[in-house]
Each structure stands twice: as structure tokens, then as C-alpha cells.
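Reproduced below: coords-v4.pdb, with PDB, C-alpha atoms.
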ATOM      1  CA  MET A 107      26.815   1.483-116.323
ATOM      2  CA  GLN A 108      26.384  -1.130-113.586
ATOM      3  CA  CYS A 109      24.556  -0.116-110.421
ATOM      4  CA  HIS A 110      26.473  -0.957-107.254
ATOM      5  CA  PHE A 111      23.200  -1.686-105.432
ATOM      6  CA  CYS A 112      21.195  -3.872-107.799
ATOM      7  CA  ASP A 113      24.113  -5.049-109.998
ATOM      8  CA  GLU A 114      22.047  -4.354-113.114
ATOM      9  CA  VAL A 115      23.506  -2.674-116.177
ATOM     10  CA  LYS A 116      21.296   0.291-117.023
ATOM     11  CA  ASP A 117      21.372   3.087-119.532
ATOM     12  CA  GLY A 118      22.054   6.640-118.469
ATOM     13  CA  LEU A 119      24.737   8.512-116.616
ATOM     14  CA  PRO A 120      26.093   6.920-113.421
ATOM     15  CA  PHE A 121      25.340   8.731-110.203
ATOM     16  CA  ARG A 122      28.159   8.792-107.667
ATOM     17  CA  CYS A 123      27.188   8.961-103.968
ATOM     18  CA  ASN A 124      28.967  11.750-102.081
ATOM     19  CA  TYR A 125      28.985   9.632 -98.901
ATOM     20  CA  CYS A 126      30.144   6.117 -99.816
ATOM     21  CA  GLY A 127      31.702   6.992-103.197
ATOM     22  CA  GLU A 128      30.000   4.194-105.169
ATOM     23  CA  SER A 129      28.120   4.535-108.478
ATOM     24  CA  PHE A 130      24.383   3.881-108.742
ATOM     25  CA  CYS A 131      21.570   4.025-111.245
ATOM     26  CA  GLY A 132      18.957   6.758-111.163
ATOM     27  CA  GLU A 133      16.605   4.599-109.099
ATOM     28  CA  HIS A 134      19.158   4.004-106.324
ATOM     29  CA  ARG A 135      21.188   7.206-106.460
ATOM     30  CA  LEU A 136      19.816   8.629-103.187
ATOM     31  CA  PRO A 137      21.520   7.450 -99.953
ATOM     32  CA  GLU A 138      18.249   6.161 -98.503
ATOM     33  CA  ASN A 139      17.589   4.090-101.633
ATOM     34  CA  HIS A 140      20.912   2.212-101.539
ATOM     35  CA  ALA A 141      21.172   1.861 -97.744
ATOM     36  CA  CYS A 142      24.269   4.021 -97.666
ATOM     37  CA  PRO A 143      26.383   3.022 -94.630
ATOM     38  CA  ARG A 144      27.694   6.573 -94.271
ATOM     39  CA  VAL A 145      24.224   7.899 -93.399
ATOM     40  CA  GLY A 146      23.017   5.222 -91.036
ATOM     41  CA  GLY A 147      23.231   1.963 -92.963
ATOM     42  CA  PRO A 148      20.523  -0.642 -93.535
ATOM     43  CA  LYS A 149      18.841   0.019 -90.178
ATOM     44  CA  GLN A 150      17.459   3.413 -91.179
ATOM     45  CA  PRO A 151      13.636   3.427 -91.294
ATOM     46  CA  GLY A 152      12.371   3.119 -94.845
ATOM     47  CA  TYR A 153      15.478   1.483 -96.248
ATOM     48  CA  ALA A 154      15.105  -1.363 -98.664
ATOM     49  CA  GLN A 155      15.119  -4.774 -97.082
ATOM     50  CA  VAL A 156      18.347  -6.733 -97.597
ATOM     51  CA  ARG A 157      17.976 -10.412 -98.329
ATOM     52  CA  ARG A 158      20.603 -12.965 -97.378
ATOM     53  CA  TYR A 159      20.836 -14.478-100.852
ATOM     54  CA  ALA A 160      21.368 -13.253-104.374
ATOM     55  CA  PRO A 161      18.474 -14.137-106.721
ATOM     56  CA  ALA A 162      18.979 -15.697-110.077
ATOM     57  CA  PRO A 163      19.369 -13.227-112.961
ATOM     58  CA  SER A 164      15.993 -14.323-114.365
ATOM     59  CA  ASP A 165      14.264 -13.418-111.089
ATOM     60  CA  ARG A 166      15.845 -10.000-110.587
ATOM     61  CA  ARG A 167      13.165  -8.225-112.555
ATOM     62  CA  ASN A 168      10.667  -9.278-109.877
ATOM     63  CA  VAL A 169      12.950  -8.327-106.982
ATOM     64  CA  PRO A 170      14.257  -4.830-107.805
ATOM     65  CA  TYR A 171      15.680  -4.051-104.365
ATOM     66  CA  VAL A 172      17.904  -7.088-103.782
ATOM     67  CA  ARG A 173      21.670  -6.776-103.617
ATOM     68  CA  SER A 174      24.229  -9.489-104.175
ATOM     69  CA  SER A 175      26.456 -10.601-101.298
ATOM     70  CA  ARG A 176      29.420  -8.821-102.887
ATOM     71  CA  SER A 177      27.596  -5.479-103.006
ATOM     72  CA  ARG A 178      26.185  -5.980 -99.536
ATOM     73  CA  PHE A 179      29.641  -6.571 -98.061
ATOM     74  CA  ARG A 180      31.204  -3.601 -99.832
ATOM     75  CA  LEU A 181      28.380  -1.268 -98.817
ATOM     76  CA  ARG A 182      28.263  -2.379 -95.227
ATOM     77  CA  TYR A 183      31.988  -1.981 -94.640
ATOM     78  CA  ALA A 184      32.574   1.123 -96.762
ATOM     79  CA  GLY A 185      33.857   3.066 -93.760
ATOM     80  CA  ILE A 186      33.055   4.561 -90.371
ATOM     81  CA  PHE A 187      34.178   8.185 -90.703
ATOM     82  CA  SER A 188      33.704  10.589 -93.579
ATOM     83  CA  LYS A 189      36.549  12.845 -94.695
ATOM     84  CA  THR A 190      34.771  15.897 -93.296
ATOM     85  CA  GLU A 191      34.232  14.216 -89.947
ATOM     86  CA  GLU A 192      37.901  13.230 -89.721
ATOM     87  CA  LYS A 193      38.972  16.857 -90.197
ATOM     88  CA  HIS A 194      36.567  18.101 -87.531
ATOM     89  CA  ILE A 195      37.689  15.429 -85.059
ATOM     90  CA  LEU A 196      41.350  16.244 -85.710
ATOM     91  CA  ALA A 197      40.871  19.988 -85.104
ATOM     92  CA  SER A 198      38.800  19.433 -81.961
ATOM     93  CA  SER A 199      41.234  16.851 -80.583
ATOM     94  CA  PHE A 200      44.123  19.296 -80.965
ATOM     95  CA  VAL A 201      42.282  21.984 -78.977
ATOM     96  CA  MET A 202      41.175  19.506 -76.318
ATOM     97  CA  VAL A 203      44.719  18.259 -75.750
ATOM     98  CA  LEU A 204      45.961  21.833 -75.311
ATOM     99  CA  VAL A 205      43.240  22.551 -72.759
ATOM    100  CA  GLY A 206      43.991  19.290 -70.982
ATOM    101  CA  ILE A 207      47.663  20.225 -70.682
ATOM    102  CA  SER A 208      46.613  23.593 -69.255
ATOM    103  CA  ILE A 209      45.302  21.762 -66.178
ATOM    104  CA  ASP A 210      48.923  20.917 -65.374
ATOM    105  CA  LEU A 211      50.286  24.349 -66.305
ATOM    106  CA  LEU A 212      47.994  26.042 -63.773
ATOM    107  CA  LEU A 213      49.311  23.898 -60.913
ATOM    108  CA  PRO A 214      51.914  25.417 -58.550
ATOM    109  CA  ASN A 215      54.148  22.370 -59.089
ATOM    110  CA  SER A 216      53.576  21.775 -62.787
ATOM    111  CA  LEU A 217      55.033  18.484 -64.007
ATOM    112  CA  LEU A 218      55.517  19.925 -67.468
ATOM    113  CA  LEU A 219      57.347  23.096 -66.397
ATOM    114  CA  HIS A 220      59.102  22.071 -63.208
ATOM    115  CA  GLY A 221      59.281  18.302 -63.391
ATOM    116  CA  PRO A 222      62.395  16.478 -64.594
ATOM    117  CA  SER A 223      60.386  14.254 -66.925
ATOM    118  CA  SER A 224      58.421  16.600 -69.198
ATOM    119  CA  ALA A 225      58.676  14.190 -72.126
ATOM    120  CA  ALA A 226      57.332  11.352 -69.990
ATOM    121  CA  TYR A 227      54.440  13.559 -68.922
ATOM    122  CA  LEU A 228      53.464  14.313 -72.517
ATOM    123  CA  LEU A 229      53.878  10.657 -73.478
ATOM    124  CA  LEU A 230      51.372   9.614 -70.837
ATOM    125  CA  ALA A 231      49.019  12.591 -70.635
ATOM    126  CA  VAL A 232      48.366  13.324 -74.324
ATOM    127  CA  PRO A 233      47.010   9.813 -75.136
ATOM    128  CA  GLY A 234      44.904  10.032 -71.979
ATOM    129  CA  PHE A 235      43.292  13.299 -73.070
ATOM    130  CA  LEU A 236      42.639  11.880 -76.538
ATOM    131  CA  ILE A 237      41.062   8.699 -75.178
ATOM    132  CA  SER A 238      38.839  10.742 -72.859
ATOM    133  CA  PHE A 239      37.594  13.032 -75.637
ATOM    134  CA  LEU A 240      37.295  10.461 -78.414
ATOM    135  CA  GLY A 241      35.684   7.923 -76.101
ATOM    136  CA  HIS A 242      33.009  10.471 -75.250
ATOM    137  CA  GLU A 243      32.195  11.353 -78.861
ATOM    138  CA  LEU A 244      32.482   7.840 -80.277
ATOM    139  CA  SER A 245      30.147   6.518 -77.585
ATOM    140  CA  HIS A 246      27.493   8.892 -78.933
ATOM    141  CA  LYS A 247      28.227   7.977 -82.528
ATOM    142  CA  PHE A 248      28.261   4.190 -82.188
ATOM    143  CA  LEU A 249      25.148   4.016 -80.014
ATOM    144  CA  ALA A 250      23.289   6.229 -82.479
ATOM    145  CA  ARG A 251      24.441   4.057 -85.386
ATOM    146  CA  ARG A 252      23.343   0.980 -83.466
ATOM    147  CA  HIS A 253      19.823   2.403 -83.375
ATOM    148  CA  GLY A 254      19.905   3.126 -87.105
ATOM    149  CA  LEU A 255      20.466   6.872 -86.890
ATOM    150  CA  TRP A 256      22.850   8.993 -88.929
ATOM    151  CA  ALA A 257      25.561  10.373 -86.642
ATOM    152  CA  GLU A 258      28.699  12.393 -87.396
ATOM    153  CA  PHE A 259      30.854  14.692 -85.300
ATOM    154  CA  ARG A 260      31.012  18.360 -86.241
ATOM    155  CA  ALA A 261      33.089  21.076 -84.603
ATOM    156  CA  ASN A 262      31.791  24.622 -84.356
ATOM    157  CA  LEU A 263      33.795  27.836 -84.200
ATOM    158  CA  TYR A 264      32.037  29.171 -81.102
ATOM    159  CA  GLY A 265      32.674  25.987 -79.140
ATOM    160  CA  LEU A 266      36.295  25.799 -80.253
ATOM    161  CA  MET A 267      36.896  29.393 -79.154
ATOM    162  CA  LEU A 268      35.303  28.931 -75.731
ATOM    163  CA  THR A 269      37.244  25.714 -75.206
ATOM    164  CA  ALA A 270      40.528  27.376 -76.138
ATOM    165  CA  VAL A 271      39.863  30.423 -73.912
ATOM    166  CA  SER A 272      39.078  28.189 -70.922
ATOM    167  CA  ALA A 273      42.707  26.997 -71.005
ATOM    168  CA  VAL A 274      43.734  30.050 -68.945
ATOM    169  CA  PHE A 275      41.110  29.442 -66.231
ATOM    170  CA  PRO A 276      40.776  26.667 -63.644
ATOM    171  CA  PHE A 277      37.207  26.094 -64.826
ATOM    172  CA  LYS A 278      37.113  24.374 -68.203
ATOM    173  CA  PHE A 279      34.621  24.548 -71.052
ATOM    174  CA  LEU A 280      35.173  21.321 -72.982
ATOM    175  CA  ALA A 281      32.682  21.339 -75.844
ATOM    176  CA  PRO A 282      34.406  22.113 -79.172
ATOM    177  CA  GLY A 283      31.626  20.427 -81.100
ATOM    178  CA  GLN A 284      29.027  17.688 -80.951
ATOM    179  CA  VAL A 285      27.848  14.546 -82.688
ATOM    180  CA  ASN A 286      24.992  15.583 -84.961
ATOM    181  CA  ILE A 287      22.219  12.985 -85.103
ATOM    182  CA  GLN A 288      19.478  12.644 -87.685
ATOM    183  CA  GLY A 289      16.731  10.079 -87.966
ATOM    184  CA  ASN A 290      13.611   8.864 -86.213
ATOM    185  CA  GLY A 291      14.640   8.290 -82.618
ATOM    186  CA  SER A 292      12.376   8.139 -79.578
ATOM    187  CA  LYS A 293      12.936  10.296 -76.508
ATOM    188  CA  GLU A 294      14.344   7.272 -74.675
ATOM    189  CA  VAL A 295      16.812   6.461 -77.449
ATOM    190  CA  LEU A 296      17.995  10.057 -77.817
ATOM    191  CA  GLY A 297      18.282  10.383 -74.047
ATOM    192  CA  ALA A 298      20.391   7.246 -73.798
ATOM    193  CA  ILE A 299      22.605   8.487 -76.633
ATOM    194  CA  GLY A 300      23.082  11.775 -74.817
ATOM    195  CA  LEU A 301      23.886  10.066 -71.514
ATOM    196  CA  ILE A 302      26.410   7.526 -72.745
ATOM    197  CA  GLY A 303      29.115  10.126 -73.497
ATOM    198  CA  PRO A 304      29.163  11.776 -70.047
ATOM    199  CA  GLY A 305      28.649   8.341 -68.514
ATOM    200  CA  PHE A 306      31.837   7.145 -70.185
ATOM    201  CA  ASN A 307      33.754  10.096 -68.729
ATOM    202  CA  ILE A 308      32.304   9.656 -65.240
ATOM    203  CA  ALA A 309      33.260   5.980 -65.213
ATOM    204  CA  LEU A 310      36.737   6.621 -66.617
ATOM    205  CA  GLY A 311      37.343   9.610 -64.335
ATOM    206  CA  SER A 312      36.301   7.626 -61.268
ATOM    207  CA  LEU A 313      38.644   4.773 -62.222
ATOM    208  CA  LEU A 314      41.551   7.155 -62.793
ATOM    209  CA  PHE A 315      40.939   8.844 -59.435
ATOM    210  CA  VAL A 316      40.974   5.512 -57.596
ATOM    211  CA  LEU A 317      44.186   4.463 -59.371
ATOM    212  CA  SER A 318      45.812   7.781 -58.473
ATOM    213  CA  ARG A 319      45.432   6.961 -54.762
ATOM    214  CA  PHE A 320      47.657   3.897 -55.244
ATOM    215  CA  SER A 321      50.310   5.584 -57.416
ATOM    216  CA  GLY A 322      53.374   7.686 -56.737
ATOM    217  CA  VAL A 323      53.463  11.468 -56.945
ATOM    218  CA  PHE A 324      54.350  11.669 -60.648
ATOM    219  CA  PHE A 325      51.897   9.092 -61.984
ATOM    220  CA  GLY A 326      49.309  10.004 -59.393
ATOM    221  CA  THR A 327      49.310  13.638 -60.499
ATOM    222  CA  ILE A 328      48.879  12.656 -64.150
ATOM    223  CA  LEU A 329      45.990  10.350 -63.252
ATOM    224  CA  LEU A 330      44.346  13.117 -61.229
ATOM    225  CA  GLU A 331      44.663  15.548 -64.126
ATOM    226  CA  LEU A 332      43.077  13.018 -66.462
ATOM    227  CA  ALA A 333      40.327  12.366 -63.914
ATOM    228  CA  SER A 334      39.552  16.089 -63.635
ATOM    229  CA  PHE A 335      39.563  16.374 -67.445
ATOM    230  CA  ASN A 336      36.962  13.593 -67.679
ATOM    231  CA  GLY A 337      34.953  15.213 -64.919
ATOM    232  CA  TRP A 338      34.861  18.547 -66.719
ATOM    233  CA  LEU A 339      33.839  16.824 -69.963
ATOM    234  CA  ALA A 340      30.878  15.309 -68.160
ATOM    235  CA  VAL A 341      29.957  18.467 -66.199
ATOM    236  CA  VAL A 342      29.894  20.751 -69.240
ATOM    237  CA  ASN A 343      28.007  18.301 -71.426
ATOM    238  CA  MET A 344      25.368  17.643 -68.760
ATOM    239  CA  ILE A 345      24.271  21.299 -68.849
ATOM    240  CA  PRO A 346      20.702  21.212 -70.278
ATOM    241  CA  PHE A 347      21.272  23.960 -72.808
ATOM    242  CA  GLY A 348      21.334  24.079 -76.607
ATOM    243  CA  SER A 349      22.896  21.069 -78.301
ATOM    244  CA  LEU A 350      24.714  19.816 -75.193
ATOM    245  CA  ASP A 351      24.035  16.253 -74.071
ATOM    246  CA  GLY A 352      22.219  17.387 -70.953
ATOM    247  CA  THR A 353      19.332  18.719 -73.053
ATOM    248  CA  ARG A 354      18.396  15.247 -74.316
ATOM    249  CA  VAL A 355      19.001  13.574 -70.957
ATOM    250  CA  PHE A 356      16.972  16.188 -69.048
ATOM    251  CA  ALA A 357      14.040  15.770 -71.436
ATOM    252  CA  TRP A 358      14.254  11.989 -71.098
ATOM    253  CA  ASP A 359      14.777  11.394 -67.370
ATOM    254  CA  LYS A 360      15.496  14.136 -64.838
ATOM    255  CA  THR A 361      16.573  11.637 -62.177
ATOM    256  CA  ARG A 362      19.265  10.168 -64.406
ATOM    257  CA  TRP A 363      20.303  13.687 -65.353
ATOM    258  CA  MET A 364      20.737  14.719 -61.699
ATOM    259  CA  ILE A 365      22.684  11.562 -60.849
ATOM    260  CA  ALA A 366      25.025  12.028 -63.812
ATOM    261  CA  LEU A 367      25.574  15.717 -63.062
ATOM    262  CA  ALA A 368      26.242  15.021 -59.372
ATOM    263  CA  GLY A 369      28.668  12.229 -60.244
ATOM    264  CA  SER A 370      30.624  14.432 -62.634
ATOM    265  CA  ILE A 371      30.852  17.252 -60.070
ATOM    266  CA  VAL A 372      32.163  14.807 -57.472
ATOM    267  CA  VAL A 373      34.891  13.607 -59.870
ATOM    268  CA  VAL A 374      36.000  17.198 -60.546
ATOM    269  CA  GLY A 375      35.849  18.205 -56.889
ATOM    270  CA  LEU A 376      37.875  15.261 -55.594
ATOM    271  CA  SER A 377      40.452  15.573 -58.374
ATOM    272  CA  TYR A 378      40.927  19.301 -57.808
ATOM    273  CA  TYR A 379      41.162  18.817 -54.050
ATOM    274  CA  TYR A 380      44.038  16.332 -54.313
ATOM    275  CA  LEU A 381      45.687  18.396 -57.063
ATOM    276  CA  GLY A 382      45.807  21.323 -54.629
ATOM    277  CA  TYR A 383      43.519  23.780 -56.391
ATOM    278  CA  PHE A 384      41.704  24.347 -53.093
TER
END
Do you think you could lay out the structure here as C-alpha cells?
Amino acid sequence: MQCHFCDEVKDGLPFRCNYCGESFCGEHRLPENHACPRVGGPKQPGYAQVRRYAPAPSDRRNVPYVRSSRSRFRLRYAGIFSKTEEKHILASSFVMVLVGISIDLLLPNSLLLHGPSSAAYLLLAVPGFLISFLGHELSHKFLARRHGLWAEFRANLYGLMLTAVSAVFPFKFLAPGQVNIQGNGSKEVLGAIGLIGPGFNIALGSLLFVLSRFSGVFFGTILLELASFNGWLAVVNMIPFGSLDGTRVFAWDKTRWMIALAGSIVVVGLSYYYLGYF
């Protein structure tokens, strides 16, 4: 068999990686030994160094950890999401959209129930809820990958249940899961990774709130609902408890944590005020 990492033909059974799906020899069968892109890629500490050229066949015996350009390209661009991660994101996105729609259903003048354009509401609101949720989680994932850490989203049953139950209350619990991170990351790096998700929602929620002040009643209400959704995403995740983002941020920098929490509360408060909750 031919190893996908070193391109050498070796005796023995091929070993197929459960992450990237390629076949490797016994020496490179572990993800960390073939710089598997599905578990952090070439930036992971301890990974074999990747050279920018392919050595001559006669020199390969002296350079056992060199890949050809063809293998390097195929490994680097093998994919961003695993099949398991895609399923967890799909299930969590479905629950988050339902909870987002519940913000409108709890209003006295619900656009979905009483408005003449229910289809238009869904056409505009559903993508907004998805962008808010996915932007939060993907910000964590891509920043972690940039620092060479393994990062994948995983839903959990407890979080999904609490998120679904919060649909019947004005106060939302929007944490159906989290991006699990593994690797050697400093407190500053992990804190920044934890902050970027809520920071994305605070920035997006603030922008949506400002735009709502210059829009008509229909579009303005949708923008306010999306702003409050982003605010709740940031508020819940800034709680310094368990695996929530606030735990890493609080351990890293308490000033940044307080600023982010205050900003998210302001977004929720202003959005709810103009929506007529109080």
C-alpha cells in the first residue's frame, strides 16, 4: 500500500484515518503523525514539519517526514466539518431557529400570527437567526483553528432541552452546545477564543438595532427581534459557569468580561424596550 503522507509503498495493512479518510502506513497512521487537518492541521504542536518541496526519491530515506505537494494539498483541504459535527450543528440550528421565532410569538402584535406577510417574515427572520448562531460558533472554531487547536461543535442534550424550554419564556437560554477545543493554548488564546463568539453577537446585534431605527414597522420589528436574539446569545454565553464562553473570558481578563456582559445586556434591554416587552 502507498502511504498518503510519505508517498512510500510499504508492506502491511493500510490504516484508514477516521477523520480525513485517507490511508496511511503504520508510522503515520495517527492523526498527529500525518498532520490531519480534521484535528487541527499542520499547526498543532509536535506535528511533523512540512517542507515546500518534494525531495528526490533517492533522498526520501533520509527525510522520512516529507510530503509531496500533491499530498500536502489534499491533506490541507480535506474539509472543514466532520460528519458528526454537521449533524450536531444541524440539530442545534433547528432548535435555535424555533426559539428565535418564539421571540415574535410572545409579542402582543406578532408578525407571524397577526401580520399579513407571515411568509415574508420567515423568509427574512430564519436566515437571520441562522447567521447569528452559526456566526457565533464558527468564530470560535476558526479562531481556534488559526491558533493550531482542534475545534469542533458538539450539541448536548441538557443544553438542547433548556434552549427549547426557554421558547415559552421571555428570557432565553441559547446554549444548545459548544465548540469543544483541544490542544495547548495559553490563557490569553483561550480567552480570546471565548470572547470572539459573544463579541460577534454584540456587534451584529448593535448594528441590527441601529438599522431598526431607520426602518418601517415590519422590517424594524424583524431587526429588533434579531438584535434581541444576538443579545441573548451573548448574555447567556458570557455567564462564567461550566463550559460557557464566559468561563474562559473571566479567567483571562475580568475587565473585558464585564464590558462584554454589559454590552450584551444593553442590546437585549434596548431591543426589548422597543419591541414592547416592558
List, as a compact mmCIF listing (two decimals) with C-alpha atoms, in the coordinates of the input, every residue that the PyMOL selection byres ((chain A and resi 195) around 9) selects in the file provided.
# COMPACT_ATOMS: atom_id res chain seq x y z
CA THR A 190 34.77 15.90 -93.30
CA GLU A 191 34.23 14.22 -89.95
CA GLU A 192 37.90 13.23 -89.72
CA LYS A 193 38.97 16.86 -90.20
CA HIS A 194 36.57 18.10 -87.53
CA LEU A 196 41.35 16.24 -85.71
CA ALA A 197 40.87 19.99 -85.10
CA SER A 198 38.80 19.43 -81.96
CA SER A 199 41.23 16.85 -80.58
CA PHE A 200 44.12 19.30 -80.96
CA LEU A 240 37.30 10.46 -78.41
CA PHE A 259 30.85 14.69 -85.30
CA ARG A 260 31.01 18.36 -86.24
CA ALA A 261 33.09 21.08 -84.60
CA GLY A 283 31.63 20.43 -81.10
Work out where the centre of an axis-aligned box around every listed atom of segment 194-207 of chain A lies and how long its edges are once 4 Å is added on each side; give both in Å to one decimal as JSON.
{"center_x": 42.1, "center_y": 19.0, "center_z": -79.1, "size_x": 19.1, "size_y": 15.1, "size_z": 24.8}
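Proximity to segment 214-217 of chain A at 9 Å, evaluated using all atoms listed in the file and with sequence-adjacent residues fewer than 5 positions away removed, yields Ile209, Pro222, Ser223, Ser224, Tyr227, Phe324, Thr327, Ile328, Gly382 and Tyr383 of chain A.
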Could you turn the residues from that selection into a file that holds C-alpha atoms, as a CSV table (one decimal), in the coordinates of the input?
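The file below, selection-v8.csv, is the result:
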chain,number,residue,atom,x,y,z
A,209,ILE,CA,45.3,21.8,-66.2
A,222,PRO,CA,62.4,16.5,-64.6
A,223,SER,CA,60.4,14.3,-66.9
A,224,SER,CA,58.4,16.6,-69.2
A,227,TYR,CA,54.4,13.6,-68.9
A,324,PHE,CA,54.4,11.7,-60.6
A,327,THR,CA,49.3,13.6,-60.5
A,328,ILE,CA,48.9,12.7,-64.2
A,382,GLY,CA,45.8,21.3,-54.6
A,383,TYR,CA,43.5,23.8,-56.4
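With distances taken over all atoms listed in the file, A:Phe325 is the one residue among A:Phe121, A:Phe325, A:Trp358, A:Gly311 lying closest to Ala226 of chain A.
Distances to Glu243 of chain A were evaluated for A:Ser188, A:Gln108, A:Asn124, A:Gln284 using only C-alpha atoms, and the minimum falls at A:Gln284.
When atom CA of Ala270 of chain A is paired with atom CA of Val205 of chain A, their separation reads 6.5 Å.
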Separation of atom CA of Gly297 of chain A from atom CA of Phe279 of chain A in Å:
21.8 Å
When you draw a straight line from atom CA of Tyr379 of chain A to atom CA of Glu331 of chain A, how long is it in Å?
11.2 Å
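Using all atoms listed in the file for every distance, the candidate list A:Cys112, A:Leu219, A:Ala273, A:Leu310 yields A:Leu310 as the residue closest to Phe239 of chain A.
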Which residues, named as in the file, does the PyMOL selection byres ((chain A and resi 308) around 9) pick out? Answer as a PDB file with C-alpha atoms, in the coordinates of the input.
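result_5.pdb written:
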ATOM      1  CA  GLY A 303      29.115  10.126 -73.497  1.00  0.00           C
ATOM      2  CA  PRO A 304      29.163  11.776 -70.047  1.00  0.00           C
ATOM      3  CA  GLY A 305      28.649   8.341 -68.514  1.00  0.00           C
ATOM      4  CA  PHE A 306      31.837   7.145 -70.185  1.00  0.00           C
ATOM      5  CA  ASN A 307      33.754  10.096 -68.729  1.00  0.00           C
ATOM      6  CA  ALA A 309      33.260   5.980 -65.213  1.00  0.00           C
ATOM      7  CA  LEU A 310      36.737   6.621 -66.617  1.00  0.00           C
ATOM      8  CA  GLY A 311      37.343   9.610 -64.335  1.00  0.00           C
ATOM      9  CA  SER A 312      36.301   7.626 -61.268  1.00  0.00           C
ATOM     10  CA  LEU A 313      38.644   4.773 -62.222  1.00  0.00           C
ATOM     11  CA  ALA A 333      40.327  12.366 -63.914  1.00  0.00           C
ATOM     12  CA  ASN A 336      36.962  13.593 -67.679  1.00  0.00           C
ATOM     13  CA  GLY A 337      34.953  15.213 -64.919  1.00  0.00           C
ATOM     14  CA  LEU A 339      33.839  16.824 -69.963  1.00  0.00           C
ATOM     15  CA  ALA A 340      30.878  15.309 -68.160  1.00  0.00           C
ATOM     16  CA  ALA A 366      25.025  12.028 -63.812  1.00  0.00           C
ATOM     17  CA  GLY A 369      28.668  12.229 -60.244  1.00  0.00           C
ATOM     18  CA  SER A 370      30.624  14.432 -62.634  1.00  0.00           C
ATOM     19  CA  VAL A 373      34.891  13.607 -59.870  1.00  0.00           C
TER      20      VAL A 373
END
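With only C-alpha atoms as the atoms that count, the minimum distance from His140 of chain A to the choices A:Gly241, A:Gly127, A:Gly322, A:Pro346 is reached by A:Gly127.
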Counting all atoms listed in the file, the residue among A:Leu266, A:Leu317, A:Val201, A:Ala250 that lies closest to Ile302 of chain A is A:Ala250
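Omitting Thr269 of chain A and its sequence neighbours fewer than 5 positions away, and counting only C-alpha atoms, the residues within 7 Å are Phe279, Leu280, Ala281 and Pro282 of chain A.
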Can I get the selected residues back with C-alpha atoms, as a PDB file, in the coordinates of the input?
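Here's the written file again31.pdb:
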ATOM      1  CA  PHE A 279      34.621  24.548 -71.052  1.00  0.00           C
ATOM      2  CA  LEU A 280      35.173  21.321 -72.982  1.00  0.00           C
ATOM      3  CA  ALA A 281      32.682  21.339 -75.844  1.00  0.00           C
ATOM      4  CA  PRO A 282      34.406  22.113 -79.172  1.00  0.00           C
TER       5      PRO A 282
END
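Once Lys293 of chain A and its same-chain neighbours fewer than 4 positions away are set aside, A:Gly297, A:Ala298, A:Ile299, A:Arg354, A:Val355, A:Ala357, A:Trp358, A:Asp359 remain within 10 Å of it when counting all atoms listed in the file.
Take the candidates A:Leu330, A:Cys126, A:Ala231, A:Leu350 and check each one against Lys189 of chain A using all atoms listed in the file; the shortest distance goes to A:Cys126.
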Could you write segment 238-252 of chain A as a short mmCIF file (atom, residue, chain, number, x, y, z; two decimals), in the frame of the given file, with N, CA and C atoms rebuilt where they are missing?
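New file part06.cif:
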data_model
loop_
_atom_site.label_atom_id
_atom_site.label_comp_id
_atom_site.auth_asym_id
_atom_site.auth_seq_id
_atom_site.Cartn_x
_atom_site.Cartn_y
_atom_site.Cartn_z
N SER A 238 39.98 10.18 -73.58
CA SER A 238 38.84 10.74 -72.86
C SER A 238 37.89 11.45 -73.81
N PHE A 239 38.44 12.27 -74.71
CA PHE A 239 37.59 13.03 -75.64
C PHE A 239 36.97 12.13 -76.71
N LEU A 240 37.81 11.31 -77.34
CA LEU A 240 37.30 10.46 -78.41
C LEU A 240 36.34 9.41 -77.88
N GLY A 241 36.61 8.89 -76.68
CA GLY A 241 35.68 7.92 -76.10
C GLY A 241 34.31 8.52 -75.87
N HIS A 242 34.28 9.78 -75.45
CA HIS A 242 33.01 10.47 -75.25
C HIS A 242 32.23 10.59 -76.57
N GLU A 243 32.89 11.11 -77.59
CA GLU A 243 32.20 11.35 -78.86
C GLU A 243 31.85 10.06 -79.59
N LEU A 244 32.75 9.09 -79.57
CA LEU A 244 32.48 7.84 -80.28
C LEU A 244 31.40 7.03 -79.58
N SER A 245 31.25 7.19 -78.27
CA SER A 245 30.15 6.52 -77.58
C SER A 245 28.81 7.01 -78.13
N HIS A 246 28.71 8.34 -78.31
CA HIS A 246 27.49 8.89 -78.93
C HIS A 246 27.29 8.31 -80.33
N LYS A 247 28.33 8.36 -81.11
CA LYS A 247 28.23 7.98 -82.53
C LYS A 247 27.83 6.51 -82.70
N PHE A 248 28.50 5.61 -81.99
CA PHE A 248 28.26 4.19 -82.19
C PHE A 248 26.91 3.76 -81.63
N LEU A 249 26.48 4.36 -80.53
CA LEU A 249 25.15 4.02 -80.01
C LEU A 249 24.06 4.52 -80.95
N ALA A 250 24.26 5.71 -81.51
CA ALA A 250 23.29 6.23 -82.48
C ALA A 250 23.24 5.35 -83.72
N ARG A 251 24.41 4.94 -84.22
CA ARG A 251 24.44 4.06 -85.39
C ARG A 251 23.80 2.71 -85.08
N ARG A 252 23.96 2.25 -83.85
CA ARG A 252 23.34 0.98 -83.47
C ARG A 252 21.82 1.05 -83.54
#
